[in-house]
Amino acid sequence: MNLHAIKAIYMFEMSRAMRTVMQSIISPVISTSLYFIVFGAAIGSRIQHIEGISYGAFIVPGLIMLQLLTQSISNAAFGIYFPRFTGTIYEVLTAPISPLEITLGYVGAAATKSIALGLIILATAAVFVDLHIAHPLAMLAFLVLTALTFSLLGFIIGIWADGFEKLQVIPLLVITPLTFLGGTFYSINMLPPFWQKVTLFNPVVYLVSGFRWSFYGVADVNIFASLGMTALFLLICLGVIWRIFSTGYRLKT
Amino acid sequence: MTAIISIKDLSKTYAGGFQALKRVDLDIERGEIFALLGPNGAGKTTLISIICGLVNPTTGSVTVDGGDIKRDYRRVREMIGLVPQELTTDHFETVWNAVSFSRGLFGKAPNPGYIEKILRALSLWEKKDNRIMELSGGMKRRLLIAKALSHEPSILFLDEPTAGVDVELRKDMWQVVRDLRAAGVTIILTTHYIEEAEEMADRVGVITKGELIIVEDKAELMRKLGKKQLTLQLSAPLSEIPGALAKHELELSNGGNTLTYTYDTRAGRTGITSLLDDMRSAGIGFSDLDTTQSSLEDIFVDLVRSKK
């Protein structure tokens, strides 16, 4: 294991985050706070409790997930895309490091950032609504697992993308709609029976449901289904990355 | 001398069908400065990129200090530093961080003293806390050298190191390269500036259209392929070359004042003595004489032309 290299990449990425703290931490916090103000404080008081939880508190896990997913993807995608774009990737590719070590450095840093962000949003939420965390360890486990999985996905996108606009395509056109439709703002039990079935094909449902369970002990789908789906997705991403490095896709000619 | 890099039957055909390298065999000796000379698009960068792990070869193998570049990539790459042709840098990083990053990436524990030494040698110490975007082109080039040296490599690749670098800085860089060689580092540089190869290299390989057409000791190459010219300033101008001198290969120029004799250094007899004898017999005197040797540039142009 080339631990110095993993540390070098990790620290490099973290210092980039510190330089762009406005963009990487503050703006997601502000946009999430706006959701709390609008849906939690302003409209939330007119909405019935869902499964015994006030609406403002109900949407907290989903909103954290929304930011966790999109930020994990953008952080990791940008982290690997930028050196490809500027050409500095040559140094990483000529260094005595394995694909696993490269991935650990970049994805580890991206996941760290989005976990920190998730916790900051959680703290922000506590200012607006009355929060209970029924299963703190499960909550942390979901947070870490999701951050890692979606940072891996972002890493793949960053290698695949051949332009800056493509970096945003997946978070904006796929992840955000799936999260909005994945039970962030409602319980899937509120949907008509047909749509309840359809929505089970949305992987984000499992993430939001599992995460919400760790807060309030109520879930739309079985907690083990949630864990299983997250783990499955993690493995798929790892498989794709292994394939990318063994073929040199978009990295080597 | 033993080979530190051994390249066997190396070919590369890019996805578009372009054949960048054609069955290249080459040994680089430990501690030498080897210049890979060739026009743009000859395959120099492809060759370097394969050794450094940026490009996968189509056929052939490369070993570095006995280790295969694929199987033993960790050991091999720890030994190598690469200075790329393009000025690719992280604009927003500081000089110090960028060089420290490179050292870590190559698996070395931090050593601020060593990094200070490199930055001072490359006249970058004053700029260590500056962001890279604030550096001039020449400084960026030196920064890339500093990054490549940060992990104390025993082999250094310099891909077109002085492209776009002014004369003063070029001299400084050549001094750095000489110091490195004195410290035992093997250096492979690519260039299409002939003077660079002539000035620096111990051996020269000429590559064109993916083929390594000649590899030779620099002095030997110049001796073997070089032509010499003897220029005589005549005491009195001639209107034409007299019949008595017709058997010599002569050219009259400068209004009949200058006589130029071209001879081959490979020939057993240069013919100078008989020319001078014939001139004396014909009563042609000269006030001054001068000999010039063809530069590596002339040799190179001849070689590449003869290949076409």
# chains A, B, ... in the order shown; residues from 1 in each chain; ligands from 1
>>> residues_around(residues="Pro171 of chain A", least_positions_apart="6", cutoff="10 Å", atoms="only C-alpha atoms", output="JSON, numbers by chain")
{"A": [66, 69, 70, 71, 72, 73, 74, 154, 157, 177, 178]}
>>> residues_around(residues="Trp96 of chain B", least_positions_apart="4", cutoff="7 Å", atoms="only C-alpha atoms", output="count of residues only")
3
>>> residues_around(residues="segment 278-294 of chain B", least_positions_apart="5", cutoff="7 Å", atoms="only C-alpha atoms", output="list in words")
Gly226, Lys227, Lys228, Gln229, Leu230, Thr231, Leu232, Gln233, Leu234, Ser235, Ala244 and Leu245 of chain B
>>> interface_residues(of="chain B", to="chain A", cutoff="6 Å", atoms="only C-alpha atoms", output="PyMOL selection string")
chain B and resi 52-55+74+77-78+88-89+101+104-107
>>> select_by_dssp(residues="segment 97-220 of chain B", states="strand (DSSP E or B)", output="list in words")
Arg131, Ile155, Leu156, Phe157, Leu158, Asp159, Thr186, Ile187, Ile188, Leu189, Thr190, Thr191, Arg203, Val204, Gly205, Val206, Ile207, Thr208, Glu211, Leu212, Ile213, Ile214, Val215, Glu216 and Asp217 of chain B
>>> write_last_selection(atoms="C-alpha atoms", output="PDB file, in the first residue's frame")
ATOM      1  CA  ARG B 131       0.157  30.247  -6.580  1.00  0.00           C
ATOM      2  CA  ILE B 155      15.838   8.169 -14.190  1.00  0.00           C
ATOM      3  CA  LEU B 156      14.537  11.461 -15.506  1.00  0.00           C
ATOM      4  CA  PHE B 157      12.541  11.956 -18.688  1.00  0.00           C
ATOM      5  CA  LEU B 158      12.485  15.441 -20.122  1.00  0.00           C
ATOM      6  CA  ASP B 159       9.986  15.776 -22.934  1.00  0.00           C
ATOM      7  CA  THR B 186      20.079   8.726 -16.091  1.00  0.00           C
ATOM      8  CA  ILE B 187      18.487  11.346 -18.335  1.00  0.00           C
ATOM      9  CA  ILE B 188      16.452  10.838 -21.459  1.00  0.00           C
ATOM     10  CA  LEU B 189      15.432  13.976 -23.258  1.00  0.00           C
ATOM     11  CA  THR B 190      13.431  14.424 -26.396  1.00  0.00           C
ATOM     12  CA  THR B 191      13.997  17.401 -28.546  1.00  0.00           C
ATOM     13  CA  ARG B 203      24.287   9.410 -27.186  1.00  0.00           C
ATOM     14  CA  VAL B 204      21.697  10.356 -29.747  1.00  0.00           C
ATOM     15  CA  GLY B 205      18.844   8.349 -31.206  1.00  0.00           C
ATOM     16  CA  VAL B 206      17.189   9.728 -34.292  1.00  0.00           C
ATOM     17  CA  ILE B 207      13.538   8.857 -34.647  1.00  0.00           C
ATOM     18  CA  THR B 208      11.267   9.694 -37.527  1.00  0.00           C
ATOM     19  CA  GLU B 211      11.194   4.318 -36.537  1.00  0.00           C
ATOM     20  CA  LEU B 212      14.438   4.619 -34.673  1.00  0.00           C
ATOM     21  CA  ILE B 213      16.748   5.040 -37.632  1.00  0.00           C
ATOM     22  CA  ILE B 214      20.030   5.449 -35.839  1.00  0.00           C
ATOM     23  CA  VAL B 215      21.432   5.252 -32.324  1.00  0.00           C
ATOM     24  CA  GLU B 216      24.975   6.394 -31.909  1.00  0.00           C
ATOM     25  CA  ASP B 217      27.451   7.963 -29.599  1.00  0.00           C
TER      26      ASP B 217
END
>>> closest_residue(among="A:Phe201, A:Leu227, A:Val221, A:Val60", to="Ala123 of chain A", atoms="only C-alpha atoms")
A:Val60
>>> decode(residues="segment 86-135 of chain B", atoms="N, CA and C atoms", output="CSV table (one decimal), in the first residue's frame")
chain,number,residue,atom,x,y,z
B,86,GLU,N,3.8,19.5,-22.2
B,86,GLU,CA,2.8,20.6,-21.9
B,86,GLU,C,3.0,21.1,-20.5
B,87,LEU,N,2.7,22.4,-20.4
B,87,LEU,CA,2.8,23.0,-19.0
B,87,LEU,C,1.5,22.8,-18.3
B,88,THR,N,1.4,21.6,-17.8
B,88,THR,CA,0.2,21.2,-17.1
B,88,THR,C,0.4,21.4,-15.6
B,89,THR,N,-0.3,22.3,-15.0
B,89,THR,CA,-0.1,22.6,-13.6
B,89,THR,C,-1.5,22.9,-13.0
B,90,ASP,N,-1.5,22.7,-11.6
B,90,ASP,CA,-2.7,23.1,-10.9
B,90,ASP,C,-2.6,24.6,-10.6
B,91,HIS,N,-3.4,25.4,-11.3
B,91,HIS,CA,-3.2,26.9,-11.2
B,91,HIS,C,-3.3,27.4,-9.8
B,92,PHE,N,-4.2,26.8,-9.0
B,92,PHE,CA,-4.6,27.4,-7.7
B,92,PHE,C,-3.7,26.9,-6.6
B,93,GLU,N,-2.8,25.9,-6.8
B,93,GLU,CA,-1.9,25.4,-5.8
B,93,GLU,C,-0.7,26.3,-5.6
B,94,THR,N,-0.1,26.3,-4.4
B,94,THR,CA,1.2,27.0,-4.3
B,94,THR,C,2.3,26.1,-4.8
B,95,VAL,N,3.4,26.7,-5.1
B,95,VAL,CA,4.6,25.9,-5.6
B,95,VAL,C,5.0,24.8,-4.5
B,96,TRP,N,5.0,25.3,-3.3
B,96,TRP,CA,5.5,24.3,-2.2
B,96,TRP,C,4.5,23.1,-2.2
B,97,ASN,N,3.2,23.4,-2.1
B,97,ASN,CA,2.2,22.3,-2.0
B,97,ASN,C,2.3,21.4,-3.2
B,98,ALA,N,2.5,21.9,-4.4
B,98,ALA,CA,2.5,21.1,-5.6
B,98,ALA,C,3.7,20.1,-5.6
B,99,VAL,N,4.8,20.7,-5.2
B,99,VAL,CA,6.0,19.8,-5.2
B,99,VAL,C,5.9,18.7,-4.0
B,100,SER,N,5.4,19.2,-2.9
B,100,SER,CA,5.2,18.2,-1.8
B,100,SER,C,4.2,17.1,-2.2
B,101,PHE,N,3.1,17.5,-2.9
B,101,PHE,CA,2.1,16.6,-3.4
B,101,PHE,C,2.8,15.5,-4.2
B,102,SER,N,3.7,15.9,-5.1
B,102,SER,CA,4.3,15.0,-6.0
B,102,SER,C,5.1,14.0,-5.2
B,103,ARG,N,5.8,14.5,-4.2
B,103,ARG,CA,6.7,13.6,-3.5
B,103,ARG,C,5.8,12.5,-2.8
B,104,GLY,N,4.7,12.9,-2.2
B,104,GLY,CA,3.8,12.0,-1.5
B,104,GLY,C,3.2,11.0,-2.5
B,105,LEU,N,2.9,11.5,-3.7
B,105,LEU,CA,2.2,10.6,-4.7
B,105,LEU,C,3.2,9.5,-5.1
B,106,PHE,N,4.5,9.7,-5.1
B,106,PHE,CA,5.4,8.7,-5.4
B,106,PHE,C,5.9,7.9,-4.2
B,107,GLY,N,5.1,8.0,-3.1
B,107,GLY,CA,5.4,7.1,-2.0
B,107,GLY,C,6.5,7.5,-1.1
B,108,LYS,N,6.9,8.7,-1.1
B,108,LYS,CA,8.0,9.1,-0.2
B,108,LYS,C,7.5,9.9,1.0
B,109,ALA,N,8.1,9.7,2.1
B,109,ALA,CA,7.7,10.4,3.3
B,109,ALA,C,8.2,11.9,3.1
B,110,PRO,N,7.4,12.8,3.7
B,110,PRO,CA,7.8,14.3,3.6
B,110,PRO,C,9.2,14.5,3.9
B,111,ASN,N,9.8,15.4,3.2
B,111,ASN,CA,11.2,15.8,3.5
B,111,ASN,C,11.4,17.3,3.0
B,112,PRO,N,11.0,18.2,3.9
B,112,PRO,CA,11.0,19.6,3.6
B,112,PRO,C,12.4,20.1,3.2
B,113,GLY,N,13.4,19.5,3.8
B,113,GLY,CA,14.8,20.0,3.5
B,113,GLY,C,15.1,19.7,2.1
B,114,TYR,N,14.7,18.5,1.6
B,114,TYR,CA,15.0,18.1,0.2
B,114,TYR,C,14.3,18.9,-0.8
B,115,ILE,N,13.0,19.2,-0.5
B,115,ILE,CA,12.2,20.0,-1.4
B,115,ILE,C,12.8,21.5,-1.5
B,116,GLU,N,13.3,21.9,-0.3
B,116,GLU,CA,13.9,23.3,-0.3
B,116,GLU,C,15.1,23.3,-1.2
B,117,LYS,N,15.9,22.2,-1.1
B,117,LYS,CA,17.1,22.1,-1.9
B,117,LYS,C,16.8,22.1,-3.4
B,118,ILE,N,15.7,21.4,-3.8
B,118,ILE,CA,15.4,21.4,-5.3
B,118,ILE,C,14.9,22.8,-5.7
B,119,LEU,N,14.0,23.3,-4.9
B,119,LEU,CA,13.5,24.7,-5.2
B,119,LEU,C,14.6,25.7,-5.4
B,120,ARG,N,15.5,25.6,-4.5
B,120,ARG,CA,16.7,26.6,-4.6
B,120,ARG,C,17.5,26.3,-5.8
B,121,ALA,N,17.7,25.0,-6.1
B,121,ALA,CA,18.5,24.7,-7.3
B,121,ALA,C,17.9,25.2,-8.6
B,122,LEU,N,16.5,25.2,-8.6
B,122,LEU,CA,15.8,25.6,-9.8
B,122,LEU,C,15.3,27.1,-9.7
B,123,SER,N,15.9,27.8,-8.8
B,123,SER,CA,15.6,29.3,-8.5
B,123,SER,C,14.1,29.5,-8.4
B,124,LEU,N,13.5,28.6,-7.6
B,124,LEU,CA,12.0,28.8,-7.3
B,124,LEU,C,11.7,29.0,-5.9
B,125,TRP,N,12.8,29.1,-5.1
B,125,TRP,CA,12.6,29.2,-3.6
B,125,TRP,C,11.8,30.5,-3.2
B,126,GLU,N,12.1,31.6,-3.9
B,126,GLU,CA,11.5,32.8,-3.6
B,126,GLU,C,10.0,32.7,-3.9
B,127,LYS,N,9.6,31.8,-4.8
B,127,LYS,CA,8.2,31.7,-5.2
B,127,LYS,C,7.4,30.6,-4.5
B,128,LYS,N,8.0,30.0,-3.5
B,128,LYS,CA,7.4,28.8,-2.9
B,128,LYS,C,6.0,29.0,-2.4
B,129,ASP,N,5.7,30.2,-2.0
B,129,ASP,CA,4.3,30.4,-1.5
B,129,ASP,C,3.4,31.0,-2.5
B,130,ASN,N,3.9,31.2,-3.7
B,130,ASN,CA,3.0,31.8,-4.8
B,130,ASN,C,2.1,30.7,-5.4
B,131,ARG,N,1.0,31.2,-5.8
B,131,ARG,CA,0.2,30.2,-6.6
B,131,ARG,C,0.8,30.0,-7.9
B,132,ILE,N,0.6,28.8,-8.5
B,132,ILE,CA,1.2,28.5,-9.7
B,132,ILE,C,0.8,29.4,-10.9
B,133,MET,N,-0.5,29.9,-10.8
B,133,MET,CA,-1.0,30.7,-11.9
B,133,MET,C,-0.2,32.1,-12.0
B,134,GLU,N,0.5,32.4,-10.9
B,134,GLU,CA,1.2,33.7,-10.9
B,134,GLU,C,2.6,33.5,-11.5
B,135,LEU,N,3.0,32.3,-11.9
B,135,LEU,CA,4.3,32.1,-12.4
B,135,LEU,C,4.4,32.3,-13.9
